[in-house]
Structure formats: C-alpha cells, structure tokens
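> What follows is data.cif, mmCIF, C-alpha atoms.
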data_start
#
loop_
_atom_site.label_atom_id
_atom_site.label_comp_id
_atom_site.auth_asym_id
_atom_site.auth_seq_id
_atom_site.Cartn_x
_atom_site.Cartn_y
_atom_site.Cartn_z
CA MET A 1081 119.51 130.18 106.94
CA ILE A 1082 121.18 131.34 103.73
CA LYS A 1083 124.64 129.78 103.51
CA SER A 1084 127.06 129.56 100.61
CA LYS A 1085 130.66 128.59 99.94
CA LEU A 1086 131.53 132.25 100.35
CA CYS A 1087 130.71 131.97 104.07
CA GLU A 1088 133.20 129.13 104.47
CA LEU A 1089 135.84 130.82 102.33
CA LEU A 1090 135.83 134.01 104.39
CA GLY A 1091 134.55 132.85 107.77
CA ILE A 1092 131.43 135.02 107.68
CA THR A 1093 127.88 134.16 108.75
CA TYR A 1094 125.91 135.74 105.91
CA PRO A 1095 127.08 136.02 102.27
CA VAL A 1096 126.61 139.78 102.29
CA PHE A 1097 129.31 142.38 101.59
CA GLN A 1098 128.85 146.05 102.37
CA GLY A 1099 130.23 147.86 99.33
CA GLY A 1100 133.27 150.09 99.75
CA MET A 1101 131.98 153.61 99.16
CA ALA A 1102 134.52 156.44 98.99
CA TRP A 1103 134.20 159.04 101.76
CA ILE A 1104 131.49 156.87 103.34
CA SER A 1105 132.61 153.36 104.28
CA ASP A 1106 134.88 153.91 107.26
CA GLY A 1107 136.12 151.62 110.02
CA HIS A 1108 132.97 152.12 112.11
CA LEU A 1109 130.55 151.06 109.38
CA ALA A 1110 132.75 148.15 108.30
CA ALA A 1111 133.02 146.85 111.87
CA ALA A 1112 129.26 147.12 112.41
CA VAL A 1113 128.56 145.10 109.26
CA SER A 1114 131.15 142.47 110.18
CA ASN A 1115 129.75 142.23 113.72
CA GLY A 1116 126.38 141.64 112.08
CA GLY A 1117 127.72 138.59 110.27
CA GLY A 1118 128.40 140.15 106.85
CA LEU A 1119 131.68 141.45 105.49
CA GLY A 1120 132.25 145.14 106.21
CA ILE A 1121 134.51 146.93 103.78
CA ILE A 1122 136.52 150.12 104.30
CA ALA A 1123 136.78 152.28 101.18
CA ALA A 1124 140.25 153.60 100.43
CA GLY A 1125 138.91 155.84 97.65
CA ASN A 1126 141.46 158.53 96.87
CA ALA A 1127 142.70 158.66 100.45
CA PRO A 1128 146.37 158.23 101.44
CA GLY A 1129 147.71 155.11 103.16
CA ALA A 1130 147.75 156.74 106.61
CA TYR A 1131 143.99 157.31 106.51
CA VAL A 1132 143.34 153.72 105.44
CA ARG A 1133 145.62 152.38 108.18
CA GLU A 1134 143.75 154.44 110.77
CA GLN A 1135 140.38 153.12 109.58
CA ILE A 1136 141.66 149.51 109.60
CA GLN A 1137 142.83 149.97 113.17
CA ILE A 1138 139.47 151.46 114.17
CA ALA A 1139 137.63 148.51 112.63
CA ALA A 1140 140.00 146.01 114.23
CA SER A 1141 139.37 147.60 117.63
CA LEU A 1142 135.61 147.21 117.18
CA THR A 1143 135.31 143.70 115.76
CA LYS A 1144 137.02 140.34 115.91
CA GLN A 1145 135.29 139.31 112.69
CA PRO A 1146 136.96 139.56 109.27
CA PHE A 1147 136.56 142.76 107.30
CA GLY A 1148 137.94 144.09 104.04
CA VAL A 1149 139.38 147.13 102.28
CA ASN A 1150 138.30 148.31 98.84
CA ILE A 1151 141.15 149.74 96.81
CA MET A 1152 140.33 152.09 94.00
CA LEU A 1153 143.13 151.33 91.57
CA LEU A 1154 143.04 154.73 89.87
CA SER A 1155 143.84 156.41 93.17
CA PRO A 1156 147.19 158.23 93.28
CA PHE A 1157 147.75 156.38 96.59
CA ALA A 1158 146.94 152.87 95.29
CA ASP A 1159 150.55 151.63 95.67
CA GLU A 1160 150.72 152.94 99.23
CA VAL A 1161 147.35 151.46 100.23
CA ALA A 1162 148.32 148.14 98.63
CA LYS A 1163 151.21 147.93 101.12
CA VAL A 1164 149.13 149.05 104.10
CA VAL A 1165 146.65 146.18 103.70
CA VAL A 1166 149.54 143.72 103.80
CA GLU A 1167 151.13 145.33 106.85
CA GLU A 1168 147.82 145.47 108.69
CA LYS A 1169 146.93 141.87 107.71
CA VAL A 1170 143.51 142.67 106.32
CA ALA A 1171 141.39 139.58 105.61
CA VAL A 1172 139.93 140.65 102.28
CA VAL A 1173 140.78 143.16 99.56
CA THR A 1174 138.27 144.13 96.93
CA THR A 1175 139.44 146.19 93.98
CA GLY A 1176 137.73 148.57 91.59
CA ALA A 1177 138.50 150.69 88.55
CA GLY A 1178 141.21 148.62 86.97
CA ASN A 1179 143.48 145.62 86.95
CA PRO A 1180 145.14 144.66 90.28
CA SER A 1181 147.60 142.16 88.77
CA LYS A 1182 150.75 143.96 89.91
CA TYR A 1183 149.71 143.65 93.58
CA MET A 1184 148.32 140.14 93.38
CA LYS A 1185 151.43 138.24 94.44
CA ASP A 1186 152.09 140.37 97.55
CA TRP A 1187 148.49 140.09 98.66
CA LYS A 1188 148.27 136.35 98.08
CA ASP A 1189 151.58 135.82 99.90
CA ALA A 1190 150.14 137.73 102.85
CA GLY A 1191 147.13 135.40 102.92
CA ILE A 1192 144.71 138.11 101.81
CA ARG A 1193 141.61 137.00 99.92
CA VAL A 1194 141.47 139.09 96.74
CA ILE A 1195 138.06 139.80 95.28
CA PRO A 1196 138.03 142.16 92.28
CA VAL A 1197 134.96 143.97 91.04
CA VAL A 1198 134.43 143.02 87.39
CA PRO A 1199 132.18 144.88 84.97
CA SER A 1200 132.60 142.50 82.00
CA VAL A 1201 133.13 138.87 81.04
CA ALA A 1202 136.66 139.50 79.75
CA MET A 1203 137.68 141.05 83.07
CA ALA A 1204 136.13 138.09 84.91
CA LYS A 1205 138.22 135.68 82.82
CA LEU A 1206 141.38 137.69 83.38
CA MET A 1207 140.88 137.99 87.15
CA THR A 1208 140.14 134.26 87.42
CA ARG A 1209 143.40 133.52 85.66
CA LEU A 1210 145.35 135.92 87.88
CA GLY A 1211 144.31 133.98 90.96
CA ALA A 1212 141.43 135.96 92.45
CA ASP A 1213 139.54 134.18 95.26
CA ALA A 1214 136.09 135.35 94.19
CA LEU A 1215 134.57 137.98 91.90
CA ILE A 1216 132.06 140.75 92.37
CA ALA A 1217 129.97 141.19 89.22
CA GLU A 1218 128.68 144.72 89.54
CA GLY A 1219 125.91 145.95 87.27
CA GLY A 1220 125.21 149.52 86.27
CA GLU A 1221 122.27 149.87 88.65
CA SER A 1222 124.78 150.57 91.39
CA GLY A 1223 125.91 153.95 92.62
CA GLY A 1224 129.24 155.61 91.95
CA HIS A 1225 131.40 154.56 89.01
CA ILE A 1226 129.43 152.14 86.91
CA GLY A 1227 129.85 149.79 83.98
CA GLU A 1228 127.62 149.37 80.99
CA LEU A 1229 125.89 146.06 81.76
CA SER A 1230 123.02 145.56 84.18
CA THR A 1231 123.25 143.02 87.01
CA MET A 1232 120.64 140.73 85.44
CA VAL A 1233 122.76 140.45 82.30
CA LEU A 1234 126.26 140.49 83.78
CA VAL A 1235 125.99 137.99 86.66
CA PRO A 1236 124.97 134.86 84.71
CA GLN A 1237 127.56 135.55 82.01
CA VAL A 1238 130.30 135.97 84.60
CA CYS A 1239 129.17 132.77 86.36
CA ASP A 1240 129.43 130.97 83.02
CA VAL A 1241 133.15 131.72 82.62
CA THR A 1242 134.49 131.15 86.13
CA ASP A 1243 134.49 128.48 88.81
CA LEU A 1244 135.12 131.10 91.48
CA PRO A 1245 132.37 132.22 93.86
CA VAL A 1246 130.59 135.23 92.33
CA LEU A 1247 128.88 138.01 94.25
CA ALA A 1248 126.19 140.03 92.55
CA ALA A 1249 126.19 143.79 93.08
CA GLY A 1250 124.03 146.61 91.79
CA GLY A 1251 120.30 146.86 92.31
CA ILE A 1252 120.09 144.77 95.47
CA ALA A 1253 118.45 146.29 98.54
CA ASP A 1254 116.24 143.57 100.02
CA GLY A 1255 115.69 139.83 100.22
CA ARG A 1256 114.06 139.71 96.80
CA GLY A 1257 117.28 140.99 95.27
CA VAL A 1258 119.32 138.47 97.25
CA ALA A 1259 117.09 135.59 96.13
CA ALA A 1260 117.25 136.75 92.51
CA ALA A 1261 121.05 137.05 92.67
CA LEU A 1262 121.35 133.46 93.92
CA MET A 1263 119.05 132.31 91.11
CA LEU A 1264 121.35 134.03 88.60
CA GLY A 1265 124.22 131.89 89.84
CA ALA A 1266 125.78 134.20 92.42
CA CYS A 1267 126.58 132.86 95.87
CA GLY A 1268 126.52 136.18 97.65
CA VAL A 1269 125.68 139.86 97.25
CA GLN A 1270 127.34 143.20 97.71
CA VAL A 1271 125.07 146.00 98.86
CA GLY A 1272 126.00 149.68 99.07
CA THR A 1273 123.07 152.07 99.01
CA ARG A 1274 121.07 150.45 101.79
CA PHE A 1275 124.02 150.79 104.15
CA LEU A 1276 124.09 154.56 103.58
CA VAL A 1277 121.26 154.82 106.10
CA ALA A 1278 122.73 152.35 108.58
CA GLU A 1279 122.90 153.89 112.05
CA GLU A 1280 126.66 153.32 112.14
CA CYS A 1281 127.20 155.10 108.82
CA ASN A 1282 128.87 158.43 109.59
CA ILE A 1283 127.65 160.50 106.66
CA HIS A 1284 125.87 163.85 106.97
CA PRO A 1285 122.17 163.58 107.97
CA ASN A 1286 121.19 165.43 104.77
CA TYR A 1287 122.65 162.55 102.73
CA LYS A 1288 120.64 159.97 104.67
CA GLU A 1289 117.47 162.02 104.35
CA LYS A 1290 117.90 162.28 100.59
CA ILE A 1291 118.25 158.48 100.33
CA LEU A 1292 115.21 157.84 102.53
CA LYS A 1293 113.12 160.25 100.43
CA ALA A 1294 114.39 159.06 97.04
CA ASN A 1295 111.99 157.43 94.61
CA ASP A 1296 112.51 155.04 91.70
CA LEU A 1297 113.68 157.77 89.31
CA ALA A 1298 115.86 159.61 91.81
CA THR A 1299 119.25 158.84 90.24
CA ILE A 1300 121.02 160.12 87.16
CA THR A 1301 124.15 159.05 85.28
CA THR A 1302 126.73 161.68 84.40
CA GLY A 1303 130.26 161.56 83.02
CA LYS A 1304 129.56 159.25 80.09
CA ARG A 1305 131.37 161.62 77.74
CA LEU A 1306 134.50 161.37 79.89
CA GLY A 1307 134.46 157.58 79.72
CA HIS A 1308 133.73 156.99 83.39
CA PRO A 1309 130.03 157.29 84.09
CA VAL A 1310 128.89 157.94 87.64
CA ARG A 1311 125.46 157.35 89.16
CA SER A 1312 124.26 159.77 91.81
CA LEU A 1313 121.08 161.34 93.11
CA LYS A 1314 119.51 164.12 91.05
CA THR A 1315 120.65 167.37 92.65
CA PRO A 1316 121.45 170.85 91.36
CA LEU A 1317 125.06 169.67 90.81
CA SER A 1318 124.26 166.44 88.97
CA ARG A 1319 121.70 168.19 86.78
CA SER A 1320 124.22 170.85 85.80
CA LEU A 1321 126.83 168.14 85.14
CA PHE A 1322 124.33 166.35 82.93
CA GLN A 1323 123.58 169.51 80.95
CA ALA A 1324 127.24 170.44 80.66
CA GLU A 1325 127.99 167.04 79.19
CA TYR A 1326 125.96 167.93 76.10
CA SER A 1327 127.30 171.47 75.81
CA ASP A 1328 130.54 172.58 74.14
CA ILE A 1329 132.43 172.75 77.44
CA SER A 1330 135.89 171.12 77.29
CA ASP A 1331 136.48 167.69 78.83
CA GLU A 1332 138.94 169.24 81.27
CA ALA A 1333 136.42 171.82 82.47
CA LEU A 1334 133.73 169.12 82.75
CA GLU A 1335 136.06 166.94 84.80
CA GLU A 1336 136.86 169.90 87.04
CA MET A 1337 133.14 170.42 87.80
CA GLY A 1338 133.05 167.09 89.64
CA VAL A 1339 136.25 167.37 91.68
CA GLY A 1340 135.84 167.29 95.47
CA LYS A 1341 132.07 166.96 95.32
CA LEU A 1342 131.82 163.60 97.11
CA ALA A 1343 133.25 165.09 100.27
CA LEU A 1344 130.83 168.01 100.04
CA ALA A 1345 127.97 165.50 100.06
CA ALA A 1346 129.20 162.95 102.61
CA ARG A 1347 130.94 165.28 105.06
CA ASP A 1348 129.08 168.58 104.68
CA GLY A 1349 125.68 167.50 103.35
CA ASP A 1350 125.90 170.32 100.80
CA LEU A 1351 122.62 169.95 98.91
CA GLN A 1352 123.58 172.44 96.19
CA ASN A 1353 127.16 171.44 95.40
CA GLY A 1354 127.57 167.90 96.72
CA CYS A 1355 127.57 164.72 94.63
CA PHE A 1356 125.38 162.20 96.46
CA LEU A 1357 126.34 158.81 95.04
CA ALA A 1358 123.51 156.27 95.18
CA GLY A 1359 122.28 153.23 93.31
CA GLN A 1360 118.94 152.91 91.56
CA VAL A 1361 117.64 151.03 94.60
CA ALA A 1362 117.61 154.28 96.62
CA GLY A 1363 113.84 154.29 96.08
CA MET A 1364 113.61 151.00 98.01
CA VAL A 1365 115.56 152.24 101.02
CA ASN A 1366 113.01 153.68 103.41
CA ARG A 1367 114.21 152.94 106.92
CA ALA A 1368 117.29 153.72 108.99
CA GLN A 1369 118.46 150.63 110.89
CA PRO A 1370 121.52 149.21 112.60
CA ALA A 1371 123.86 147.64 110.03
CA ALA A 1372 123.50 144.20 111.63
CA ASP A 1373 119.71 144.31 111.11
CA ILE A 1374 120.20 145.15 107.44
CA VAL A 1375 122.53 142.18 106.94
CA ARG A 1376 120.19 139.77 108.72
CA GLU A 1377 117.04 141.08 107.03
CA LEU A 1378 118.53 140.76 103.56
CA CYS A 1379 119.06 137.04 104.12
CA GLU A 1380 115.97 136.30 106.19
CA GLN A 1381 113.71 137.85 103.54
CA ALA A 1382 115.35 135.74 100.86
CA GLU A 1383 114.73 132.46 102.67
CA PRO A 1384 110.95 132.06 102.15
CA LEU A 1385 111.32 133.28 98.57
CA LEU A 1386 113.88 130.62 97.75
CA LYS A 1387 111.95 127.93 99.60
CA GLY A 1388 108.81 128.90 97.71
CA ALA A 1389 110.47 128.93 94.31
CA SER A 1390 109.38 125.35 93.62
CA ALA A 1391 105.77 126.63 93.44
CA TRP A 1392 106.58 127.76 89.91
CA VAL A 1393 107.37 124.26 88.76
CA LYS A 1394 104.21 122.27 87.92
CA MET B 1014 152.06 138.56 62.13
CA VAL B 1015 151.08 140.19 65.43
CA TYR B 1016 149.96 143.33 63.62
CA GLU B 1017 147.81 141.34 61.21
CA ALA B 1018 146.22 139.37 64.06
CA ILE B 1019 145.46 142.50 66.08
CA ALA B 1020 144.15 144.45 63.08
CA LYS B 1021 141.89 141.54 62.17
CA LEU B 1022 140.46 141.33 65.70
CA ILE B 1023 139.87 145.08 65.85
CA ALA B 1024 138.22 145.05 62.43
CA GLU B 1025 135.89 142.27 63.58
CA HIS B 1026 135.19 144.10 66.82
CA ASN B 1027 134.40 147.39 65.08
CA ASP B 1028 132.79 145.98 61.92
CA CYS B 1029 135.25 147.91 59.79
CA ASP B 1030 137.79 147.03 57.10
CA VAL B 1031 141.29 145.91 58.14
CA SER B 1032 142.74 148.54 55.82
CA GLU B 1033 141.33 151.29 58.08
CA ILE B 1034 143.60 150.18 60.92
CA THR B 1035 147.20 151.37 60.88
CA MET B 1036 149.98 151.31 63.45
CA ASP B 1037 149.24 154.96 64.22
CA THR B 1038 145.51 154.54 64.81
CA THR B 1039 144.61 155.35 68.42
CA PHE B 1040 142.23 153.18 70.45
CA GLN B 1041 140.40 156.35 71.37
CA ALA B 1042 139.69 157.07 67.71
CA LEU B 1043 138.45 153.50 67.33
CA GLY B 1044 136.11 153.95 70.28
CA ILE B 1045 137.89 151.12 72.12
CA ASP B 1046 138.10 151.64 75.88
CA SER B 1047 140.15 149.81 78.48
CA LEU B 1048 137.51 147.10 78.97
CA ASP B 1049 137.34 146.47 75.23
CA THR B 1050 141.13 146.19 75.25
CA VAL B 1051 140.95 143.40 77.84
CA GLU B 1052 138.46 141.57 75.62
CA LEU B 1053 140.69 142.06 72.56
CA LEU B 1054 143.68 140.68 74.43
CA MET B 1055 141.78 137.61 75.59
CA ASN B 1056 140.80 136.94 71.98
CA LEU B 1057 144.35 137.61 70.81
CA GLU B 1058 145.62 135.01 73.29
CA ASP B 1059 143.32 132.46 71.68
CA THR B 1060 144.73 133.42 68.26
CA ILE B 1061 148.43 133.32 69.12
CA GLY B 1062 148.16 130.57 71.72
CA ARG B 1063 149.91 132.25 74.62
CA GLU B 1064 149.04 134.43 77.58
CA ILE B 1065 149.71 138.15 77.47
CA GLU B 1066 149.58 140.29 80.56
CA LEU B 1067 149.14 143.95 79.67
CA ASP B 1068 150.95 145.88 82.37
CA GLN B 1069 151.30 149.23 80.66
CA LYS B 1070 149.16 151.79 78.90
CA VAL B 1071 148.73 151.49 75.16
CA GLU B 1072 147.41 154.38 73.13
CA THR B 1073 147.88 153.26 69.56
CA VAL B 1074 147.56 149.98 67.70
CA GLY B 1075 151.34 150.19 67.18
CA ASP B 1076 151.90 150.41 70.97
CA LEU B 1077 149.96 147.18 71.43
CA VAL B 1078 151.69 145.43 68.53
CA ARG B 1079 155.15 146.32 69.86
CA PHE B 1080 154.15 145.29 73.39
CA VAL B 1081 152.89 141.88 72.26
CA GLU B 1082 155.92 141.31 70.00
CA ALA B 1083 158.25 142.07 72.91
CA LYS B 1084 156.33 139.68 75.18
CA CYS B 1085 156.48 136.95 72.54
CA GLN B 1086 160.29 137.25 72.41
CA GLU B 1087 160.73 136.97 76.18
#
Now, as a test, write the supplied structure out as structure tokens.


Amino acid sequence: MIKSKLCELLGITYPVFQGGMAWISDGHLAAAVSNGGGLGIIAAGNAPGAYVREQIQIAASLTKQPFGVNIMLLSPFADEVAKVVVEEKVAVVTTGAGNPSKYMKDWKDAGIRVIPVVPSVAMAKLMTRLGADALIAEGGESGGHIGELSTMVLVPQVCDVTDLPVLAAGGIADGRGVAAALMLGACGVQVGTRFLVAEECNIHPNYKEKILKANDLATITTGKRLGHPVRSLKTPLSRSLFQAEYSDISDEALEEMGVGKLALAARDGDLQNGCFLAGQVAGMVNRAQPAADIVRELCEQAEPLLKGASAWVK
Amino acid sequence: MVYEAIAKLIAEHNDCDVSEITMDTTFQALGIDSLDTVELLMNLEDTIGREIELDQKVETVGDLVRFVEAKCQE
C-alpha cells in the first residue's frame, strides 16, 4: 500500500487530493473522495461564503473523514470564505492564485492545515516560511489557471527548497503519474481532471462526455496576453478566445469574452459558449467510475511500478 | 540604498542596464509579474539581510522602494 507522511499528517488513507475545481468540486464530490480514503476538496471559486458553508455542511453530513476547501484568493469573497472555513472547522485549506499570508494566523489558530498551491520556487520558499503545512506544486499541464513550469520541472525544484511534504499536481491521471511524482520527490498527488468523470461529480453530462472523448491534443491555453493563462478543452469558445488574443481587441473586451463561461460548461453543458476546464491528461481519462475507485486505483497501479523500479539498477 | 539594491536585482533579472530603471518605471513595463516580484523580494531579503512581507500591491519600482524603506524603519 502506498503510504506517506502526508497520510499521517492529515489522517487520510491514500496520499491523493481531489483538486478544487470552481463550479465543479462541491460537497458531494469532496465527501465521496474522502470516503474513498483520499482528501476531497470543495472549491470556493468566486462563490460567496454562504455557498461554501452550505457545501461544507453537505460534505460533513456525508463523511466523517477529513476534507478540505480550496480558496481562490482573487475571489471578491476570499475574506468571507476565509472566515467560514474557521467557523465550520474545516480540516484542510488549500489556496490558489495568490499569497494567503494575511489569513495564515487565523487558520493556524483554528487548527486548520494550510496547503498552498505554488507555481514557482520563490513562492514555495515564501509559503514554507509563512508556516504552511505542506505544498502543492502544480505544473502547467493542469486545467484551469496555470503557471509556466511543467510538473516534471517544478516538483523536484520545490522539493529542493522545502522540508514540507510536497504534492505534485498537473498531468497525473493514473498510477504511472503517481509513481513518477513520488520519484520526483513528492509524497502525494493532487488530481483534478480524472475526477470530472467520477459518478459523484455533479457536472453536466456533456462535460463528462467531452472529457471521455478527449484525446492527447484536446486542450488549449488561452489568456496568456492577460497574464493569467487558462487551460481548457478546445471548443468554439476557446478557439475564438485564442484567435481574439492575437487580434487588436482590447484587454477589457478579451477579458469580458471569458466571464461566466465556466458555469455555462459545468451547469448547462453549453457546447458552444461554455469553457470546459481540463488538464492535458483528459486524453487518458476514458472511464466513468465512483470517486473511491479512482482514488484506490491511482495508488494500486503505482505499487507494482514502484516495486519494480529496482529492475533499472544493474 | 534600497533603491540601488532593487534596481540592481531588476537589472540582473532583466539583463538590462541599471540606468534604465527609475523610480517611475512600472513592473508591467519591465515584464515583471507577481511571481517574479516574489522572487525579487526573496533575493532582496538575502541582500539586505531581513525578511520583507509584501502585503500590498506595488505598481512601480518607487512603490516597492518606499514599501521596503518603511518596513526597514519599523
């Protein structure tokens, strides 16, 4: 069985996090992942505190296992959500899109394990110093807002500058990815895209179908010109965003083209106008399963690979 | 002293001459994003030998210089 210090730190069976995906990762999905032995994570996204509280309460009613909340720090409701996780005594908070230092003391005082997503070595150093409990090194293979570095490059460099447990994220969808991540120095993984097709994931069936049908070249990165690149599936919307980026359209108008499009994908399955966030591994996700099976399979597939690794050493 | 240290780090980062960096130069014009700023600050800490926690937005080199000077006087 794959075990790491992350399991002890958080009281989880498998060192697998389900990534917090805006408009997607709700209390039901998070609870299913946590019941499967991983760490389920509710995405706060741009939602207000009341929504996040409701999802936490749903998850708490469905599982006795620890689960987390991902707080998108650029959200206009970040301050509100930061208080809600304290009031609701959430076990773990992961953060994205910024620096969570101003909330750190309150969270630590409340006994919350704080695990920021870091896209660079400097951020990893800073978060280590601020008292984070672990780090998620997320490479640009992942879906949604992405950094510049790939997982293969980022993870070992982050591991080199911190003594904290590091989770690898981006580009991991099966046991081979888990084994590789552990070889790079990580002691756990965060997986998003594969959980999109989990049976407990409440997104529109069109979204799931697009993931199951996706191939290796199915994703595209847009928004580079605006300074916050986003990876999503190639669709009429993402193609037009990509073209617009290289036209003389203003930044404001370009930004406006993307507003509200995540909901159109996740809630309405709008194939023309929705933005279907997905990582490059979408091409490897070919089967809908219960979330617990995904968590277990990720680790069970990695076991023989890691045991067999000595075959390379003559 | 803070200005000189910051200008030197930016010049090294951007492979440009220190003279091209003034107090009014914006980070946007330098192509320095928020992640680069974190890296610059970590390097600046090594130079000036104390920790700096950036808890506000800085748009120009002058903003950063004034912020660091204020922190150093605290």

> Could I get the residues of chain B with an atom no further than 10 Å from an atom of chain A, each paired with its nearest atom pair and that distance in Å to one decimal, using all atoms listed in the file, sorted by chain and residue number, as a tab-separated table?


residue	atom	partner	partner_atom	distance
B:Asp1046	CA	A:Gly1307	CA	8.0
B:Ser1047	CA	A:Gly1178	CA	8.6
B:Leu1048	CA	A:Met1203	CA	7.3
B:Asp1049	CA	A:Ala1202	CA	8.3
B:Thr1050	CA	A:Ala1202	CA	9.2
B:Val1051	CA	A:Ala1202	CA	6.1
B:Glu1052	CA	A:Ala1202	CA	5.0
B:Leu1053	CA	A:Ala1202	CA	8.6
B:Leu1054	CA	A:Ala1202	CA	8.9
B:Met1055	CA	A:Ala1202	CA	6.9
B:Asn1056	CA	A:Ala1202	CA	9.2
B:Glu1064	CA	A:Arg1209	CA	9.9
B:Glu1066	CA	A:Ser1181	CA	8.6
B:Leu1067	CA	A:Asn1179	CA	9.4
B:Asp1068	CA	A:Lys1182	CA	7.8

> Considering all atoms listed in the file, return as a short mmCIF file (atom, residue, chain, number, x, y, z; two decimals) with C-alpha atoms, in the frame of the given file whatever protein or nucleic-acid residues lie within 8 Å of Glu1072 of chain B, sequence-local ones (same chain, fewer than 6 positions apart) excluded.


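To be explicit, this is the file written out as around.cif:
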data_model
loop_
_atom_site.label_atom_id
_atom_site.label_comp_id
_atom_site.auth_asym_id
_atom_site.auth_seq_id
_atom_site.Cartn_x
_atom_site.Cartn_y
_atom_site.Cartn_z
CA THR B 1039 144.61 155.35 68.42
CA PHE B 1040 142.23 153.18 70.45
CA GLN B 1041 140.40 156.35 71.37
#

> For this file, the PyMOL selection byres ((chain A and resi 1262) around 12) selects which residues, as JSON, numbers by chain?

{"A": [1082, 1083, 1084, 1095, 1096, 1231, 1232, 1235, 1236, 1239, 1245, 1246, 1247, 1248, 1249, 1252, 1255, 1256, 1257, 1258, 1259, 1260, 1261, 1263, 1264, 1265, 1266, 1267, 1268, 1269, 1379, 1382, 1383, 1385, 1386, 1389]}

> Excluding Lys1021 of chain B and its own-chain neighbours fewer than 5 positions away, which residues fall within 9 Å of it when counting all atoms listed in the file? Please give them as JSON, numbers by chain.

{"B": [1016, 1026, 1030, 1031, 1034]}

> Rounded to one decimal place, report the atom CA of Pro1128 of chain A-atom CA of Lys1288 of chain A distance in Å.

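Atom-to-atom, atom CA of Pro1128 of chain A and atom CA of Lys1288 of chain A are spaced 26.0 Å apart.
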
> Would you mind listing what lies within 10 Å of Thr1175 of chain A as a list in words, with all atoms listed in the file counted and same-chain residues fewer than 5 positions away left out?

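So, after excluding close chain neighbours, the residues are Gly1100, Ala1123, Ala1124, Val1149, Asn1150, Ile1151, Met1152, Leu1153, Pro1180, Val1194, Ile1195, Pro1196, Val1197, Val1198, Leu1215 and Ile1216 of chain A.
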
> For a quick check of understanding, using only C-alpha atoms, which of B:Ile1045, B:Glu1017, B:Gln1086, B:Arg1079 has the smallest distance to Ser1032 of chain B?

B:Glu1017

> Would you mind listing what lies within 10 Å of Leu1351 of chain A as a PyMOL selection string, with only C-alpha atoms counted and same-chain residues fewer than 5 positions away left out?

chain A and resi 1286-1287+1290+1315-1317+1344-1345+1356

> Got a sec: who's within 12 Å of Val1113 of chain A, counting all atoms listed in the file, leaving out chain neighbours fewer than 2 positions off, as a PyMOL selection string?

chain A and resi 1092-1100+1105-1111+1115-1122+1139+1142-1148+1270-1272+1274-1276+1278-1281+1369-1376

> Identify which of the residues A:Val1310, A:Ala1130, A:Ala1204, A:Ile1226 lies closest to Leu1244 of chain A, counting all atoms listed in the file when measuring atom-to-atom distances.

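Closest residue, counting all atoms listed in the file: A:Ala1204.
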
> Could you state the separation of atom CA of Gly1223 of chain A and atom CA of Leu1357 of chain A in Å, given to one decimal place?

5.4 Å

> Any idea what the distance is between atom CA of Gly1250 of chain A and atom CA of Ile1104 of chain A?

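Result for atom CA of Gly1250 of chain A versus atom CA of Ile1104 of chain A: 17.2 Å, one decimal.
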
> Which is closer to Gly1251 of chain A than all the others in A:Gly1219, A:Gly1349, A:Gly1129, A:Gly1091, using only C-alpha atoms?

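For Gly1251 of chain A, the nearest of the candidates is A:Gly1219.
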
> Given the file shown, determine the residues that the PyMOL selection byres ((chain B and resi 1035) around 8) selects; report them as a PyMOL selection string.

chain B and resi 1020+1032-1034+1036-1038+1074-1075
